[in-house]
$ cat data_33.cif   # mmCIF, N, CA and C atoms
data_target
#
loop_
_atom_site.label_atom_id
_atom_site.label_comp_id
_atom_site.auth_asym_id
_atom_site.auth_seq_id
_atom_site.Cartn_x
_atom_site.Cartn_y
_atom_site.Cartn_z
N MET I 1 -10.98 10.71 -2.72
CA MET I 1 -10.71 10.09 -1.44
C MET I 1 -11.95 10.24 -0.57
N SER I 2 -12.42 9.15 -0.06
CA SER I 2 -13.62 9.15 0.76
C SER I 2 -13.26 8.97 2.23
N ARG I 3 -13.80 9.81 3.06
CA ARG I 3 -13.54 9.69 4.49
C ARG I 3 -14.42 8.61 5.12
N ASP I 4 -15.41 8.12 4.37
CA ASP I 4 -16.32 7.10 4.90
C ASP I 4 -15.80 5.69 4.69
N ASP I 5 -14.67 5.53 4.01
CA ASP I 5 -14.14 4.21 3.68
C ASP I 5 -13.36 3.65 4.86
N PRO I 6 -13.89 2.61 5.52
CA PRO I 6 -13.20 2.05 6.69
C PRO I 6 -12.18 0.97 6.34
N HIS I 7 -12.05 0.63 5.05
CA HIS I 7 -11.22 -0.50 4.65
C HIS I 7 -9.72 -0.17 4.60
N ILE I 8 -8.93 -1.20 4.83
CA ILE I 8 -7.49 -1.11 4.66
C ILE I 8 -7.19 -1.62 3.24
N HIS I 9 -6.43 -0.85 2.48
CA HIS I 9 -6.17 -1.14 1.08
C HIS I 9 -4.71 -1.56 0.90
N VAL I 10 -4.36 -1.85 -0.36
CA VAL I 10 -2.99 -2.17 -0.73
C VAL I 10 -2.60 -1.23 -1.87
N GLN I 11 -1.33 -0.79 -1.88
CA GLN I 11 -0.87 0.09 -2.95
C GLN I 11 -0.93 -0.62 -4.29
N VAL I 12 -1.08 0.15 -5.35
CA VAL I 12 -1.18 -0.43 -6.67
C VAL I 12 0.12 -1.15 -7.06
N ASP I 13 1.27 -0.65 -6.60
CA ASP I 13 2.55 -1.32 -6.88
C ASP I 13 2.97 -2.11 -5.65
N VAL I 14 2.31 -3.23 -5.47
CA VAL I 14 2.49 -4.07 -4.29
C VAL I 14 3.93 -4.54 -4.14
N VAL I 15 4.48 -5.06 -5.20
CA VAL I 15 5.79 -5.69 -5.13
C VAL I 15 6.90 -4.66 -4.96
N GLY I 16 6.84 -3.55 -5.66
CA GLY I 16 7.89 -2.53 -5.56
C GLY I 16 7.42 -1.31 -4.82
N GLY I 17 6.90 -1.48 -3.63
CA GLY I 17 6.33 -0.37 -2.88
C GLY I 17 7.35 0.66 -2.45
N ASP I 18 6.87 1.87 -2.17
CA ASP I 18 7.74 2.97 -1.76
C ASP I 18 8.45 2.68 -0.45
N ALA I 19 7.80 1.99 0.45
CA ALA I 19 8.41 1.71 1.76
C ALA I 19 9.66 0.84 1.60
N ALA I 20 9.63 -0.11 0.69
CA ALA I 20 10.79 -0.98 0.47
C ALA I 20 11.97 -0.18 -0.08
N VAL I 21 11.69 0.72 -0.99
CA VAL I 21 12.75 1.58 -1.55
C VAL I 21 13.30 2.49 -0.46
N ARG I 22 12.42 3.03 0.35
CA ARG I 22 12.84 3.92 1.44
C ARG I 22 13.74 3.17 2.43
N ASP I 23 13.36 1.94 2.78
CA ASP I 23 14.16 1.14 3.70
C ASP I 23 15.54 0.83 3.12
N MET I 24 15.58 0.53 1.82
CA MET I 24 16.85 0.23 1.17
C MET I 24 17.76 1.45 1.17
N LEU I 25 17.23 2.62 0.85
CA LEU I 25 18.04 3.83 0.86
C LEU I 25 18.53 4.17 2.26
N ALA I 26 17.66 3.98 3.24
CA ALA I 26 18.04 4.28 4.62
C ALA I 26 19.14 3.35 5.10
N SER I 27 19.05 2.06 4.77
CA SER I 27 20.07 1.13 5.24
C SER I 27 21.38 1.26 4.47
N THR I 28 21.31 1.64 3.19
CA THR I 28 22.51 1.74 2.37
C THR I 28 23.23 3.06 2.57
N PHE I 29 22.50 4.16 2.48
CA PHE I 29 23.12 5.49 2.49
C PHE I 29 22.84 6.31 3.74
N GLY I 30 21.97 5.83 4.59
CA GLY I 30 21.61 6.60 5.78
C GLY I 30 20.65 7.73 5.46
N LEU I 31 20.00 7.68 4.29
CA LEU I 31 19.04 8.70 3.89
C LEU I 31 17.63 8.14 4.02
N ALA I 32 16.73 8.97 4.47
CA ALA I 32 15.33 8.53 4.59
C ALA I 32 14.43 9.55 3.92
N GLY I 33 13.88 9.18 2.78
CA GLY I 33 12.96 10.06 2.07
C GLY I 33 11.57 9.99 2.68
N ASP I 34 10.78 10.99 2.38
CA ASP I 34 9.41 11.02 2.88
C ASP I 34 8.53 10.08 2.08
N LEU I 35 7.63 9.40 2.77
CA LEU I 35 6.62 8.59 2.10
C LEU I 35 5.50 9.51 1.63
N PRO I 36 4.80 9.14 0.56
CA PRO I 36 3.70 9.98 0.10
C PRO I 36 2.56 10.01 1.10
N SER I 37 1.82 11.11 1.13
CA SER I 37 0.70 11.20 2.07
C SER I 37 -0.52 10.45 1.55
N VAL I 38 -0.70 10.39 0.22
CA VAL I 38 -1.79 9.62 -0.38
C VAL I 38 -1.22 8.74 -1.48
N VAL I 39 -1.85 7.60 -1.70
CA VAL I 39 -1.40 6.64 -2.71
C VAL I 39 -2.59 6.10 -3.48
N THR I 40 -2.32 5.61 -4.68
CA THR I 40 -3.33 4.92 -5.47
C THR I 40 -3.33 3.46 -5.05
N THR I 41 -4.51 2.90 -4.91
CA THR I 41 -4.63 1.53 -4.41
C THR I 41 -4.95 0.55 -5.53
N GLY I 42 -4.93 -0.72 -5.21
CA GLY I 42 -5.22 -1.77 -6.16
C GLY I 42 -6.64 -1.72 -6.69
N CYS I 43 -7.56 -1.13 -5.95
CA CYS I 43 -8.95 -1.03 -6.40
C CYS I 43 -9.22 0.27 -7.13
N GLY I 44 -8.19 1.12 -7.26
CA GLY I 44 -8.34 2.35 -8.02
C GLY I 44 -8.63 3.60 -7.20
N LEU I 45 -8.82 3.47 -5.91
CA LEU I 45 -9.06 4.64 -5.07
C LEU I 45 -7.75 5.32 -4.71
N VAL I 46 -7.85 6.58 -4.34
CA VAL I 46 -6.71 7.31 -3.79
C VAL I 46 -7.00 7.51 -2.31
N VAL I 47 -6.17 6.91 -1.46
CA VAL I 47 -6.41 6.93 -0.01
C VAL I 47 -5.15 7.38 0.71
N PRO I 48 -5.26 7.81 1.97
CA PRO I 48 -4.06 8.13 2.75
C PRO I 48 -3.16 6.91 2.90
N PHE I 49 -1.86 7.13 2.89
CA PHE I 49 -0.90 6.04 3.01
C PHE I 49 -1.15 5.23 4.29
N ALA I 50 -1.61 5.91 5.33
CA ALA I 50 -1.87 5.25 6.61
C ALA I 50 -2.99 4.21 6.52
N MET I 51 -3.82 4.28 5.47
CA MET I 51 -4.92 3.32 5.29
C MET I 51 -4.53 2.19 4.36
N THR I 52 -3.22 1.94 4.19
CA THR I 52 -2.75 0.84 3.36
C THR I 52 -1.88 -0.10 4.19
N SER I 53 -1.75 -1.31 3.70
CA SER I 53 -0.90 -2.29 4.36
C SER I 53 -0.32 -3.21 3.30
N SER I 54 0.89 -3.68 3.54
CA SER I 54 1.49 -4.66 2.64
C SER I 54 1.31 -6.07 3.19
N ARG I 55 0.76 -6.19 4.36
CA ARG I 55 0.51 -7.51 4.98
C ARG I 55 -0.87 -7.99 4.58
N PRO I 56 -0.97 -9.13 3.89
CA PRO I 56 -2.26 -9.60 3.37
C PRO I 56 -3.35 -9.77 4.42
N GLU I 57 -2.99 -10.19 5.61
CA GLU I 57 -4.02 -10.41 6.64
C GLU I 57 -4.63 -9.11 7.15
N LYS I 58 -4.00 -7.98 6.88
CA LYS I 58 -4.51 -6.68 7.32
C LYS I 58 -5.40 -6.01 6.27
N VAL I 59 -5.31 -6.41 5.00
CA VAL I 59 -6.06 -5.78 3.92
C VAL I 59 -7.51 -6.26 3.98
N THR I 60 -8.45 -5.30 4.11
CA THR I 60 -9.86 -5.64 4.23
C THR I 60 -10.65 -5.32 2.97
N CYS I 61 -10.08 -4.63 2.02
CA CYS I 61 -10.74 -4.33 0.75
C CYS I 61 -10.56 -5.53 -0.18
N LEU I 62 -11.65 -6.18 -0.56
CA LEU I 62 -11.57 -7.40 -1.36
C LEU I 62 -10.95 -7.18 -2.74
N PRO I 63 -11.30 -6.10 -3.48
CA PRO I 63 -10.63 -5.88 -4.77
C PRO I 63 -9.12 -5.66 -4.60
N CYS I 64 -8.71 -5.04 -3.53
CA CYS I 64 -7.28 -4.84 -3.27
C CYS I 64 -6.59 -6.18 -2.97
N ARG I 65 -7.28 -7.04 -2.24
CA ARG I 65 -6.72 -8.38 -1.96
C ARG I 65 -6.51 -9.16 -3.24
N GLU I 66 -7.51 -9.09 -4.13
CA GLU I 66 -7.39 -9.79 -5.41
C GLU I 66 -6.26 -9.21 -6.24
N HIS I 67 -6.12 -7.89 -6.25
CA HIS I 67 -5.04 -7.23 -6.98
C HIS I 67 -3.68 -7.68 -6.43
N ALA I 68 -3.55 -7.69 -5.12
CA ALA I 68 -2.28 -8.09 -4.49
C ALA I 68 -1.97 -9.55 -4.81
N ARG I 69 -2.98 -10.41 -4.78
CA ARG I 69 -2.79 -11.82 -5.11
C ARG I 69 -2.27 -11.97 -6.53
N ASP I 70 -2.91 -11.27 -7.47
CA ASP I 70 -2.48 -11.34 -8.87
C ASP I 70 -1.06 -10.82 -9.04
N GLU I 71 -0.71 -9.75 -8.35
CA GLU I 71 0.64 -9.19 -8.45
C GLU I 71 1.69 -10.15 -7.89
N HIS I 72 1.38 -10.80 -6.79
CA HIS I 72 2.34 -11.72 -6.18
C HIS I 72 2.51 -12.99 -6.99
N LEU I 73 1.44 -13.41 -7.69
CA LEU I 73 1.55 -14.60 -8.55
C LEU I 73 2.37 -14.27 -9.77
#

$ encode --input "data_33.cif" --output "structure tokens"
Amino acid sequence: MSRDDPHIHVQVDVVGGDAAVRDMLASTFGLAGDLPSVVTTGCGLVVPFAMTSSRPEKVTCLPCREHARDEHL
């Protein structure tokens, strides 16, 4: 994990992200699990969860954008 990386990344599992599972559990059972503090990204880096986004317009890492595009297709 590099502290010099200013880019916003996307998680490696774009379609089935942890946040979606957490939201489903919270709405169904009223339980809210913790999100991971670091995640593996589409470009292969391990970054803090706060430096990721599932919204394409927010992702600034080009390899992550390409990974997300391929996953969505």

$ atom_distance --input "data_33.cif" --atom1 "atom C of Val47 of chain I" --atom2 "atom C of Thr28 of chain I"
28.8 Å

$ resolve_selection --input "data_33.cif" --expression "the PyMOL selection byres (((chain I and resi 48 and name CA) around 12) and name CA)" --output "number ranges by chain"
I: 1-3, 5-11, 35-41, 45-47, 49-53

$ atom_distance --input "data_33.cif" --atom1 "atom CA of Glu71 of chain I" --atom2 "atom CA of Ser54 of chain I"
12.0 Å

$ select_by_dssp --input "data_33.cif" --residues "segment 3-51 of chain I" --states "strand (DSSP E or B)" --output "list in words"
His9, Gln11, Val38, Val39, Thr40, Thr41, Val46, Val47 and Pro48 of chain I

$ resolve_selection --input "data_33.cif" --expression "the PyMOL selection byres (((chain I and resi 66 and name CA) around 12) and name CA)" --output "PyMOL selection string"
chain I and resi 9-10+12+14+41-43+56+59-65+67-73

$ residues_around --input "data_33.cif" --residues "Ala32 of chain I" --least-positions-apart "5" --cutoff "6.5 Å" --atoms "all atoms listed in the file" --output "list in words"
Arg22, Leu25 and Ala26 of chain I

$ axis_aligned_box --input "data_33.cif" --around "segment 53-66 of chain I" --padding-each-side "4 Å" --output "AutoDock Vina command-line options"
--center_x -5.1 --center_y -5.9 --center_z 0.5 --size_x 21.1 --size_y 17.1 --size_z 21.6

$ atom_distance --input "data_33.cif" --atom1 "atom C of Lys58 of chain I" --atom2 "atom C of Met24 of chain I"
24.9 Å

$ select_by_dssp --input "data_33.cif" --residues "chain I" --states "alpha helix (DSSP H)" --output "ChimeraX atom specification"
/I:18-29,62-72
